[in-house]
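Trainee: Structure file run.txt (compact mmCIF, C-alpha atoms) right here:
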# COMPACT_ATOMS: atom_id res chain seq x y z
CA MET G 560 2.04 28.86 -11.86
CA GLY G 561 0.91 26.28 -14.46
CA LYS G 562 4.21 24.39 -14.16
CA GLN G 563 4.03 24.42 -10.36
CA ARG G 564 0.41 23.16 -10.47
CA ASN G 565 1.46 20.26 -12.71
CA HIS G 566 4.20 19.34 -10.24
CA LEU G 567 1.73 19.29 -7.37
CA VAL G 568 -0.75 17.17 -9.36
CA LEU G 569 2.06 14.73 -10.11
CA SER G 570 2.90 14.43 -6.42
CA CYS G 571 -0.74 13.57 -5.66
CA LYS G 572 -0.77 10.79 -8.29
CA LEU G 573 2.50 9.36 -6.99
CA LEU G 574 1.10 9.45 -3.46
CA LEU G 575 -1.65 7.03 -4.48
CA LEU G 576 0.80 4.76 -6.28
CA SER G 577 3.09 4.67 -3.24
CA GLY G 578 0.20 3.78 -1.00
CA LEU G 579 -0.57 0.73 -3.10
CA LEU G 580 2.95 -0.63 -3.17
CA VAL G 581 2.82 -2.98 -0.24
CA SER G 582 2.05 -6.64 0.10
CA ALA G 583 3.85 -9.06 2.36
CA PRO G 584 4.80 -12.76 2.23
CA GLY G 585 3.85 -15.61 4.46
CA ILE G 586 0.72 -14.77 6.42
CA ASN G 587 0.38 -18.44 7.42
CA ALA G 588 4.06 -18.90 8.31
CA ALA G 589 5.30 -19.03 11.92
CA VAL G 590 7.47 -15.99 11.22
CA PRO G 591 6.87 -14.48 7.74
CA GLN G 592 10.07 -14.10 5.75
CA SER G 593 11.68 -10.69 5.30
CA TYR G 594 12.02 -9.34 1.77
CA GLU G 595 12.90 -6.35 -0.39
CA ALA G 596 11.23 -5.55 -3.71
CA THR G 597 11.90 -2.85 -6.29
CA TYR G 598 9.43 -1.47 -8.83
CA THR G 599 9.99 0.78 -11.84
CA GLY G 600 7.70 2.77 -14.10
CA ARG G 601 7.12 6.12 -15.78
CA TYR G 602 4.67 8.93 -15.19
CA SER G 603 4.35 12.03 -17.40
CA GLY G 604 7.80 11.32 -18.88
CA LEU G 605 9.47 10.86 -15.48
CA ASP G 606 11.16 7.66 -14.30
CA ILE G 607 9.78 6.32 -11.01
CA THR G 608 11.42 3.84 -8.62
CA ALA G 609 9.67 2.37 -5.60
CA THR G 610 11.31 0.18 -2.95
CA ARG G 611 9.43 -1.68 -0.26
CA ARG G 612 10.73 -3.69 2.67
CA PHE G 613 9.05 -6.11 5.02
CA SER G 614 10.18 -7.70 8.27
CA CYS G 615 8.37 -9.67 10.98
CA GLU G 616 9.41 -11.23 14.29
CA LEU G 617 7.83 -13.02 17.22
CA ASP G 618 6.65 -10.78 20.03
CA GLU G 619 8.64 -11.50 23.20
CA ALA G 620 5.64 -10.71 25.41
CA ALA G 621 3.24 -12.97 23.50
CA THR G 622 4.85 -15.80 21.55
CA SER G 623 1.74 -16.34 19.40
CA THR G 624 1.90 -12.75 18.14
CA ARG G 625 4.19 -11.43 15.41
CA SER G 626 5.22 -7.78 15.26
CA CYS G 627 5.61 -6.68 11.63
CA LYS G 628 6.89 -3.64 9.78
CA LEU G 629 6.19 -2.55 6.22
CA SER G 630 7.92 0.42 4.62
CA THR G 631 7.97 1.88 1.13
CA ILE G 632 9.93 4.68 -0.53
CA LEU G 633 8.89 6.13 -3.89
CA GLU G 634 11.46 8.27 -5.71
CA ALA G 635 11.14 10.51 -8.76
CA ALA G 636 12.92 13.58 -10.09
CA LEU G 637 10.73 15.88 -8.00
CA GLY G 638 11.37 14.20 -4.64
CA THR G 639 10.32 11.27 -2.46
CA ILE G 640 7.36 9.80 -0.60
CA SER G 641 7.99 7.44 2.32
CA GLU G 642 5.53 5.39 4.38
CA GLU G 643 5.84 3.03 7.33
CA SER G 644 3.27 0.73 8.94
CA LEU G 645 3.58 -1.30 12.12
CA PHE G 646 1.04 -4.04 12.81
CA HIS G 647 0.57 -7.34 14.64
CA LEU G 648 -0.38 -10.79 13.38
CA GLU G 649 -2.10 -13.38 15.56
CA ASP G 650 -3.95 -16.47 14.32
CA GLY G 651 -4.26 -14.93 10.85
CA THR G 652 -5.72 -11.67 12.18
CA ILE G 653 -4.06 -8.36 11.27
CA THR G 654 -4.18 -5.62 13.92
CA ALA G 655 -2.88 -2.18 12.93
CA HIS G 656 -0.60 -0.43 15.42
CA SER G 657 0.65 2.76 13.73
CA TYR G 658 1.25 4.41 10.37
CA HIS G 659 3.46 7.31 9.30
CA TYR G 660 3.66 9.17 5.99
CA ASP G 661 6.20 11.75 4.81
CA GLN G 662 6.11 13.60 1.47
CA ARG G 663 8.88 15.79 0.10
CA PHE G 664 7.94 16.79 -3.43
CA PHE G 665 8.96 20.06 -5.07
CA LEU G 666 7.58 22.82 -2.80
CA SER G 667 5.31 20.43 -0.90
CA LYS G 668 6.42 18.93 2.42
CA ARG G 669 3.76 17.07 4.36
CA SER G 670 3.55 14.40 7.02
CA ARG G 671 0.79 12.57 8.84
CA SER G 672 0.43 9.68 11.22
CA ILE G 673 -2.21 7.33 12.65
CA ASP G 674 -2.13 5.65 16.08
CA PHE G 675 -4.44 2.65 16.50
CA THR G 676 -3.54 1.75 20.10
CA THR G 677 -6.43 3.55 21.87
CA PRO G 678 -9.53 1.27 22.20
CA GLY G 679 -12.57 2.54 20.27
CA THR G 680 -10.74 5.35 18.51
CA VAL G 681 -7.77 6.17 16.31
CA LEU G 682 -5.60 9.27 16.64
CA TYR G 683 -4.95 10.97 13.31
CA GLU G 684 -2.34 13.75 13.18
CA ASP G 685 -1.34 16.05 10.33
CA ARG G 686 -0.38 19.70 9.86
CA HIS G 687 -3.82 20.75 11.10
CA GLY G 688 -3.40 19.00 14.45
CA VAL G 689 -4.72 15.84 16.09
CA ASN G 690 -8.15 14.38 15.36
CA ASN G 691 -9.85 11.58 17.34
CA ILE G 692 -11.77 9.26 15.00
CA PRO G 693 -14.29 6.93 16.73
CA ILE G 694 -14.33 3.38 15.35
CA ASP G 695 -16.64 0.43 16.00
CA GLU G 696 -14.59 -2.24 14.20
CA PRO G 697 -10.90 -2.93 13.44
CA TYR G 698 -9.42 -0.73 10.72
CA LEU G 699 -6.18 -0.99 8.76
CA ASP G 700 -4.05 1.75 7.21
CA ASN G 701 -2.82 2.63 3.74
CA LEU G 702 -0.10 -0.04 3.89
CA SER G 703 -1.23 -2.85 6.17
CA TYR G 704 -4.47 -3.38 4.22
CA GLN G 705 -2.41 -4.77 1.36
CA TYR G 706 -1.09 -7.51 3.60
CA ALA G 707 -4.72 -8.63 3.80
CA LEU G 708 -4.98 -8.43 0.00
CA SER G 709 -1.88 -10.63 -0.32
CA ALA G 710 -3.41 -13.19 2.02
CA ALA G 711 -6.60 -13.15 -0.07
CA SER G 712 -4.61 -14.06 -3.18
CA ILE G 713 -3.12 -17.04 -1.34
CA ASN G 714 -6.46 -18.15 0.10
CA GLY G 715 -8.19 -17.98 -3.29
CA ASP G 716 -10.74 -15.36 -2.21
CA GLU G 717 -12.91 -13.90 -4.95
CA VAL G 718 -13.97 -10.69 -3.17
CA VAL G 719 -12.05 -8.76 -0.51
CA GLU G 720 -13.54 -5.95 1.60
CA ILE G 721 -11.20 -4.09 3.95
CA PRO G 722 -12.07 -1.10 6.18
CA ILE G 723 -9.19 1.40 6.34
CA ILE G 724 -8.36 4.83 7.73
CA ARG G 725 -6.47 7.21 5.46
CA ARG G 726 -6.15 10.99 5.33
CA GLY G 727 -8.24 11.20 8.46
CA LYS G 728 -11.28 9.45 6.99
CA SER G 729 -12.68 5.93 7.05
CA ASP G 730 -13.22 4.02 3.82
CA LEU G 731 -14.17 0.52 2.68
CA LEU G 732 -11.99 -0.95 -0.06
CA ARG G 733 -13.60 -3.62 -2.19
CA PHE G 734 -11.42 -5.68 -4.53
CA VAL G 735 -12.73 -8.36 -6.92
CA ARG G 736 -10.60 -11.15 -8.36
CA GLU G 737 -10.57 -10.99 -12.18
CA GLY G 738 -8.47 -13.80 -13.60
CA THR G 739 -4.82 -14.85 -13.73
CA SER G 740 -1.79 -14.30 -15.93
CA GLU G 741 1.86 -15.38 -16.13
CA GLN G 742 4.89 -13.19 -15.43
CA GLN G 743 8.66 -13.70 -15.43
CA ILE G 744 10.01 -13.18 -11.92
CA ASN G 745 13.61 -14.00 -11.01
CA ASP G 746 13.92 -16.01 -14.24
CA GLU G 747 10.89 -18.14 -13.41
CA THR G 748 7.39 -18.17 -14.92
CA ILE G 749 4.99 -17.34 -12.09
CA THR G 750 1.18 -17.33 -12.15
CA THR G 751 -0.25 -14.06 -10.84
CA VAL G 752 -3.75 -13.15 -9.69
CA LEU G 753 -5.44 -9.89 -10.65
CA PHE G 754 -7.57 -7.99 -8.11
CA VAL G 755 -9.48 -4.92 -9.30
CA GLN G 756 -11.07 -2.06 -7.41
CA ARG G 757 -13.49 0.10 -9.39
CA ARG G 758 -14.81 3.37 -8.02
CA GLU G 759 -17.54 4.54 -10.39
CA ASP G 760 -18.33 7.46 -8.09
CA LYS G 761 -14.79 8.76 -8.66
CA ASP G 762 -14.07 7.32 -12.14
CA LYS G 763 -11.05 5.42 -10.80
CA THR G 764 -9.80 1.87 -11.32
CA ILE G 765 -6.96 0.16 -9.44
CA GLU G 766 -5.56 -3.12 -10.76
CA VAL G 767 -3.19 -5.13 -8.56
CA TRP G 768 -1.30 -8.28 -9.61
CA LEU G 769 -0.10 -10.65 -6.87
CA ALA G 770 1.83 -13.93 -6.92
CA PRO G 771 0.29 -16.55 -4.57
CA SER G 772 3.21 -18.97 -5.07
CA LEU G 773 5.57 -16.21 -3.88
CA ALA G 774 3.50 -15.73 -0.73
CA GLY G 775 1.31 -13.07 -2.29
CA VAL G 776 4.01 -10.60 -3.31
CA MET G 777 2.70 -7.80 -5.50
CA THR G 778 4.11 -7.94 -9.02
CA GLY G 779 2.42 -4.96 -10.62
CA ILE G 780 -0.10 -2.16 -10.22
CA ARG G 781 -2.02 0.05 -12.64
CA TYR G 782 -3.99 3.12 -11.65
CA THR G 783 -6.47 4.59 -14.15
CA GLU G 784 -8.38 7.84 -13.78
CA ASP G 785 -10.32 9.77 -16.42
CA GLY G 786 -8.88 7.57 -19.18
CA SER G 787 -5.22 8.02 -18.19
CA SER G 788 -3.19 5.12 -16.76
CA TYR G 789 -0.05 4.99 -14.61
CA SER G 790 1.68 1.75 -13.69
CA LEU G 791 4.60 0.25 -11.79
CA ASN G 792 6.03 -3.24 -12.27
CA LEU G 793 8.26 -5.49 -10.21
CA SER G 794 11.89 -5.31 -11.36
CA SER G 795 13.64 -7.21 -8.55
CA LEU G 796 12.68 -9.33 -5.55
CA LYS G 797 14.88 -10.67 -2.77
CA PHE G 798 13.86 -12.72 0.27
CA ASP G 799 16.18 -12.76 3.29
Translate this file's structure into structure tokens.
Mentor:
Amino acid sequence: MGKQRNHLVLSCKLLLLSGLLVSAPGINAAVPQSYEATYTGRYSGLDITATRRFSCELDEAATSTRSCKLSTILEAALGTISEESLFHLEDGTITAHSYHYDQRFFLSKRSRSIDFTTPGTVLYEDRHGVNNIPIDEPYLDNLSYQYALSAASINGDEVVEIPIIRRGKSDLLRFVREGTSEQQINDETITTVLFVQRREDKDKTIEVWLAPSLAGVMTGIRYTEDGSSYSLNLSSLKFD
């Protein structure tokens, strides 16, 4: 039972890491450029690979609106976690449309989804059924909120607050900009911006590095809880 419990704890940690692995290029572009990025890291002696993809196109029904898709797949020896977010962009505003999550780790198989298309409420569905969550302001999901964080790195924002819905609950994410550093990306030296979220009530810290000159692409992430850290770093990046 101890070994099984450790496997399940690992899947929970990887779930959080997968949820953070999305930022997207070109929020100010007419049609943001598609890309694919790969990240590598280790957790508890296991190799981890995460792949994310982004695509965006003009909406045929409303030429000022772009319909975008973010997806990420995290793979480790125990299984995979996949996520997909659909959202719209119009005049710099991000409007969430839907989100889907699927986890297949060891003995754990779970899925959940969020539908944002009903005015004044979101529909959250998991193994327990469907739950209607009333909302009084626009919310993002566990992937699309990082598009907003990417845009903040480009705009030079110092503090970013983003309301999101995840696991059937509302939350307010607050990231603070804490300096810059240089990284080698595709054989070039790129300046990256560090945003940090600290949750003293939960003893958690999330550090996210983004590259404004590469349209805000995420270059690294480190998650720390109770003194232990887990990280993933960009290993390849390709724009279409």
Trainee: Can you work out the spacing between atom CA of Leu682 of chain G and atom CA of Leu648 of chain G in Å, to one decimal?
Mentor: 21.0 Å
Trainee: Hey, could you pull the box centre and edge lengths for segment 628-636 of chain G, axis-aligned, 6 Å padding per side, all listed atoms, to one decimal in Å, as AutoDock Vina command-line options?
Mentor:
--center_x 9.6 --center_y 5.0 --center_z -0.2 --size_x 18.7 --size_y 29.2 --size_z 31.9
Trainee: Write out, as a Markdown table, each residue of segment 695-752 of chain G that has an atom at most 12 Å from segment 624-627 of chain G, together with the closest pair of atoms and their distance in Å to one decimal, counting all atoms listed in the file, rows going by chain and rising number.
Mentor:
| residue | atom | partner | partner_atom | distance |
| --- | --- | --- | --- | --- |
| G:Leu702 | CA | G:Cys627 | CA | 11.7 |
| G:Ser703 | CA | G:Cys627 | CA | 9.6 |
| G:Tyr706 | CA | G:Cys627 | CA | 10.5 |
Trainee: Do you know which residues are at most 8 Å from Ile692 of chain G counting all atoms listed in the file, after dropping those on the same chain fewer than 4 positions away, and could you put them as a PDB file with C-alpha atoms, keeping the file's coordinate frame?
Mentor:
ATOM      1  CA  THR G 680     -10.740   5.350  18.510  1.00  0.00           C
ATOM      2  CA  VAL G 681      -7.770   6.170  16.310  1.00  0.00           C
ATOM      3  CA  LEU G 682      -5.600   9.270  16.640  1.00  0.00           C
ATOM      4  CA  TYR G 683      -4.950  10.970  13.310  1.00  0.00           C
ATOM      5  CA  GLY G 727      -8.240  11.200   8.460  1.00  0.00           C
TER       6      GLY G 727
END
Trainee: Would you mind telling me which residue in G:Val776, G:Ile765, G:Ile673, G:Ala770 lies nearest to Tyr789 of chain G when using all atoms listed in the file?
Mentor: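 So, comparing all the options, the nearest one is G:Ile765.
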Trainee: Pick from G:Ile744, G:Leu791, G:Ala711, G:Ala655: nearest to Thr676 of chain G, with all atoms listed in the file counted?
Mentor: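 Distance minimum relative to Thr676 of chain G lands on G:Ala655.
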Trainee: Any idea what's packed within 10 Å of Asp730 of chain G, counting only C-alpha atoms, ignoring anything in its chain fewer than 4 positions away? Could you give it as a count of residues only?
Mentor: 7
Trainee: Counting all atoms listed in the file, what is within 12 Å of segment 731-740 of chain G, bar same-chain residues fewer than 4 positions away, as a ChimeraX atom specification?
Mentor: /G:579,696-701,704-705,707-709,711-725,748-758,764-771,778-779
Trainee: To one decimal in Å, tell me the separation between atom CA of Ala710 of chain G and atom CA of Gly651 of chain G.
Mentor: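 Atom-to-atom, atom CA of Ala710 of chain G to atom CA of Gly651 of chain G, that is 9.0 Å.
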Trainee: Go ahead and compute the interatomic distance for atom CA of Gln662 of chain G and atom CA of Ser593 of chain G, in Å to one decimal.
Mentor: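 According to the coordinates, atom CA of Gln662 of chain G and atom CA of Ser593 of chain G are separated by 25.2 Å.
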Trainee: Within 12 Å of segment 663-670 of chain G, which residues of segment 680-727 of chain G show up? Give each one with its shortest atom-to-atom distance in Å (one decimal) and the two atoms involved, counting all atoms listed in the file, rows by chain then rising residue number, as a Markdown table.
Mentor:
| residue | atom | partner | partner_atom | distance |
| --- | --- | --- | --- | --- |
| G:Tyr683 | CA | G:Ser670 | CA | 11.1 |
| G:Glu684 | CA | G:Ser670 | CA | 8.5 |
| G:Asp685 | CA | G:Ser670 | CA | 6.1 |
| G:Arg686 | CA | G:Ser670 | CA | 7.2 |
| G:His687 | CA | G:Ser670 | CA | 10.5 |
| G:Gly688 | CA | G:Ser670 | CA | 11.2 |
| G:Arg726 | CA | G:Ser670 | CA | 10.4 |
Trainee: Please return segment 690-706 of chain G, rebuilt to N, CA, C and O atoms, as a PDB file, keeping the file's coordinate frame.
Mentor:
ATOM      1  N   ASN G 690      -6.716  14.635  15.442  1.00  0.00           N
ATOM      2  CA  ASN G 690      -8.150  14.380  15.360  1.00  0.00           C
ATOM      3  C   ASN G 690      -8.445  12.985  15.893  1.00  0.00           C
ATOM      4  O   ASN G 690      -7.818  12.008  15.487  1.00  0.00           O
ATOM      5  N   ASN G 691      -9.415  12.875  16.814  1.00  0.00           N
ATOM      6  CA  ASN G 691      -9.850  11.580  17.340  1.00  0.00           C
ATOM      7  C   ASN G 691     -10.976  11.045  16.459  1.00  0.00           C
ATOM      8  O   ASN G 691     -12.013  11.697  16.305  1.00  0.00           O
ATOM      9  N   ILE G 692     -10.773   9.865  15.888  1.00  0.00           N
ATOM     10  CA  ILE G 692     -11.770   9.260  15.000  1.00  0.00           C
ATOM     11  C   ILE G 692     -12.377   8.043  15.687  1.00  0.00           C
ATOM     12  O   ILE G 692     -11.695   7.037  15.874  1.00  0.00           O
ATOM     13  N   PRO G 693     -13.655   8.099  16.090  1.00  0.00           N
ATOM     14  CA  PRO G 693     -14.290   6.930  16.730  1.00  0.00           C
ATOM     15  C   PRO G 693     -14.419   5.782  15.739  1.00  0.00           C
ATOM     16  O   PRO G 693     -14.741   5.988  14.566  1.00  0.00           O
ATOM     17  N   ILE G 694     -14.181   4.560  16.194  1.00  0.00           N
ATOM     18  CA  ILE G 694     -14.330   3.380  15.350  1.00  0.00           C
ATOM     19  C   ILE G 694     -15.102   2.312  16.112  1.00  0.00           C
ATOM     20  O   ILE G 694     -15.018   2.220  17.336  1.00  0.00           O
ATOM     21  N   ASP G 695     -15.873   1.494  15.368  1.00  0.00           N
ATOM     22  CA  ASP G 695     -16.640   0.430  16.000  1.00  0.00           C
ATOM     23  C   ASP G 695     -16.224  -0.942  15.494  1.00  0.00           C
ATOM     24  O   ASP G 695     -16.881  -1.948  15.772  1.00  0.00           O
ATOM     25  N   GLU G 696     -15.126  -0.994  14.705  1.00  0.00           N
ATOM     26  CA  GLU G 696     -14.590  -2.240  14.200  1.00  0.00           C
ATOM     27  C   GLU G 696     -13.108  -2.025  13.888  1.00  0.00           C
ATOM     28  O   GLU G 696     -12.658  -0.885  13.774  1.00  0.00           O
ATOM     29  N   PRO G 697     -12.329  -3.098  13.750  1.00  0.00           N
ATOM     30  CA  PRO G 697     -10.900  -2.930  13.440  1.00  0.00           C
ATOM     31  C   PRO G 697     -10.683  -2.315  12.062  1.00  0.00           C
ATOM     32  O   PRO G 697     -11.351  -2.696  11.102  1.00  0.00           O
ATOM     33  N   TYR G 698      -9.776  -1.359  11.981  1.00  0.00           N
ATOM     34  CA  TYR G 698      -9.420  -0.730  10.720  1.00  0.00           C
ATOM     35  C   TYR G 698      -7.931  -0.948  10.447  1.00  0.00           C
ATOM     36  O   TYR G 698      -7.137  -1.097  11.366  1.00  0.00           O
ATOM     37  N   LEU G 699      -7.570  -0.949   9.164  1.00  0.00           N
ATOM     38  CA  LEU G 699      -6.180  -0.990   8.760  1.00  0.00           C
ATOM     39  C   LEU G 699      -5.796   0.353   8.163  1.00  0.00           C
ATOM     40  O   LEU G 699      -6.629   1.246   8.042  1.00  0.00           O
ATOM     41  N   ASP G 700      -4.519   0.488   7.783  1.00  0.00           N
ATOM     42  CA  ASP G 700      -4.050   1.750   7.210  1.00  0.00           C
ATOM     43  C   ASP G 700      -3.690   1.575   5.745  1.00  0.00           C
ATOM     44  O   ASP G 700      -3.950   0.539   5.143  1.00  0.00           O
ATOM     45  N   ASN G 701      -3.071   2.586   5.169  1.00  0.00           N
ATOM     46  CA  ASN G 701      -2.820   2.630   3.740  1.00  0.00           C
ATOM     47  C   ASN G 701      -1.758   1.634   3.279  1.00  0.00           C
ATOM     48  O   ASN G 701      -1.562   1.446   2.078  1.00  0.00           O
ATOM     49  N   LEU G 702      -1.068   0.993   4.227  1.00  0.00           N
ATOM     50  CA  LEU G 702      -0.100  -0.040   3.890  1.00  0.00           C
ATOM     51  C   LEU G 702      -0.549  -1.423   4.360  1.00  0.00           C
ATOM     52  O   LEU G 702      -0.537  -2.383   3.587  1.00  0.00           O
ATOM     53  N   SER G 703      -0.940  -1.528   5.618  1.00  0.00           N
ATOM     54  CA  SER G 703      -1.230  -2.850   6.170  1.00  0.00           C
ATOM     55  C   SER G 703      -2.424  -3.520   5.484  1.00  0.00           C
ATOM     56  O   SER G 703      -2.530  -4.750   5.484  1.00  0.00           O
ATOM     57  N   TYR G 704      -3.326  -2.751   4.884  1.00  0.00           N
ATOM     58  CA  TYR G 704      -4.470  -3.380   4.220  1.00  0.00           C
ATOM     59  C   TYR G 704      -4.014  -4.266   3.068  1.00  0.00           C
ATOM     60  O   TYR G 704      -4.677  -5.255   2.717  1.00  0.00           O
ATOM     61  N   GLN G 705      -2.851  -3.960   2.479  1.00  0.00           N
ATOM     62  CA  GLN G 705      -2.410  -4.770   1.360  1.00  0.00           C
ATOM     63  C   GLN G 705      -1.812  -6.095   1.805  1.00  0.00           C
ATOM     64  O   GLN G 705      -1.694  -7.020   1.003  1.00  0.00           O
ATOM     65  N   TYR G 706      -1.442  -6.184   3.065  1.00  0.00           N
ATOM     66  CA  TYR G 706      -1.090  -7.510   3.600  1.00  0.00           C
ATOM     67  C   TYR G 706      -2.317  -8.411   3.536  1.00  0.00           C
ATOM     68  O   TYR G 706      -2.234  -9.588   3.182  1.00  0.00           O
TER      69      TYR G 706
END
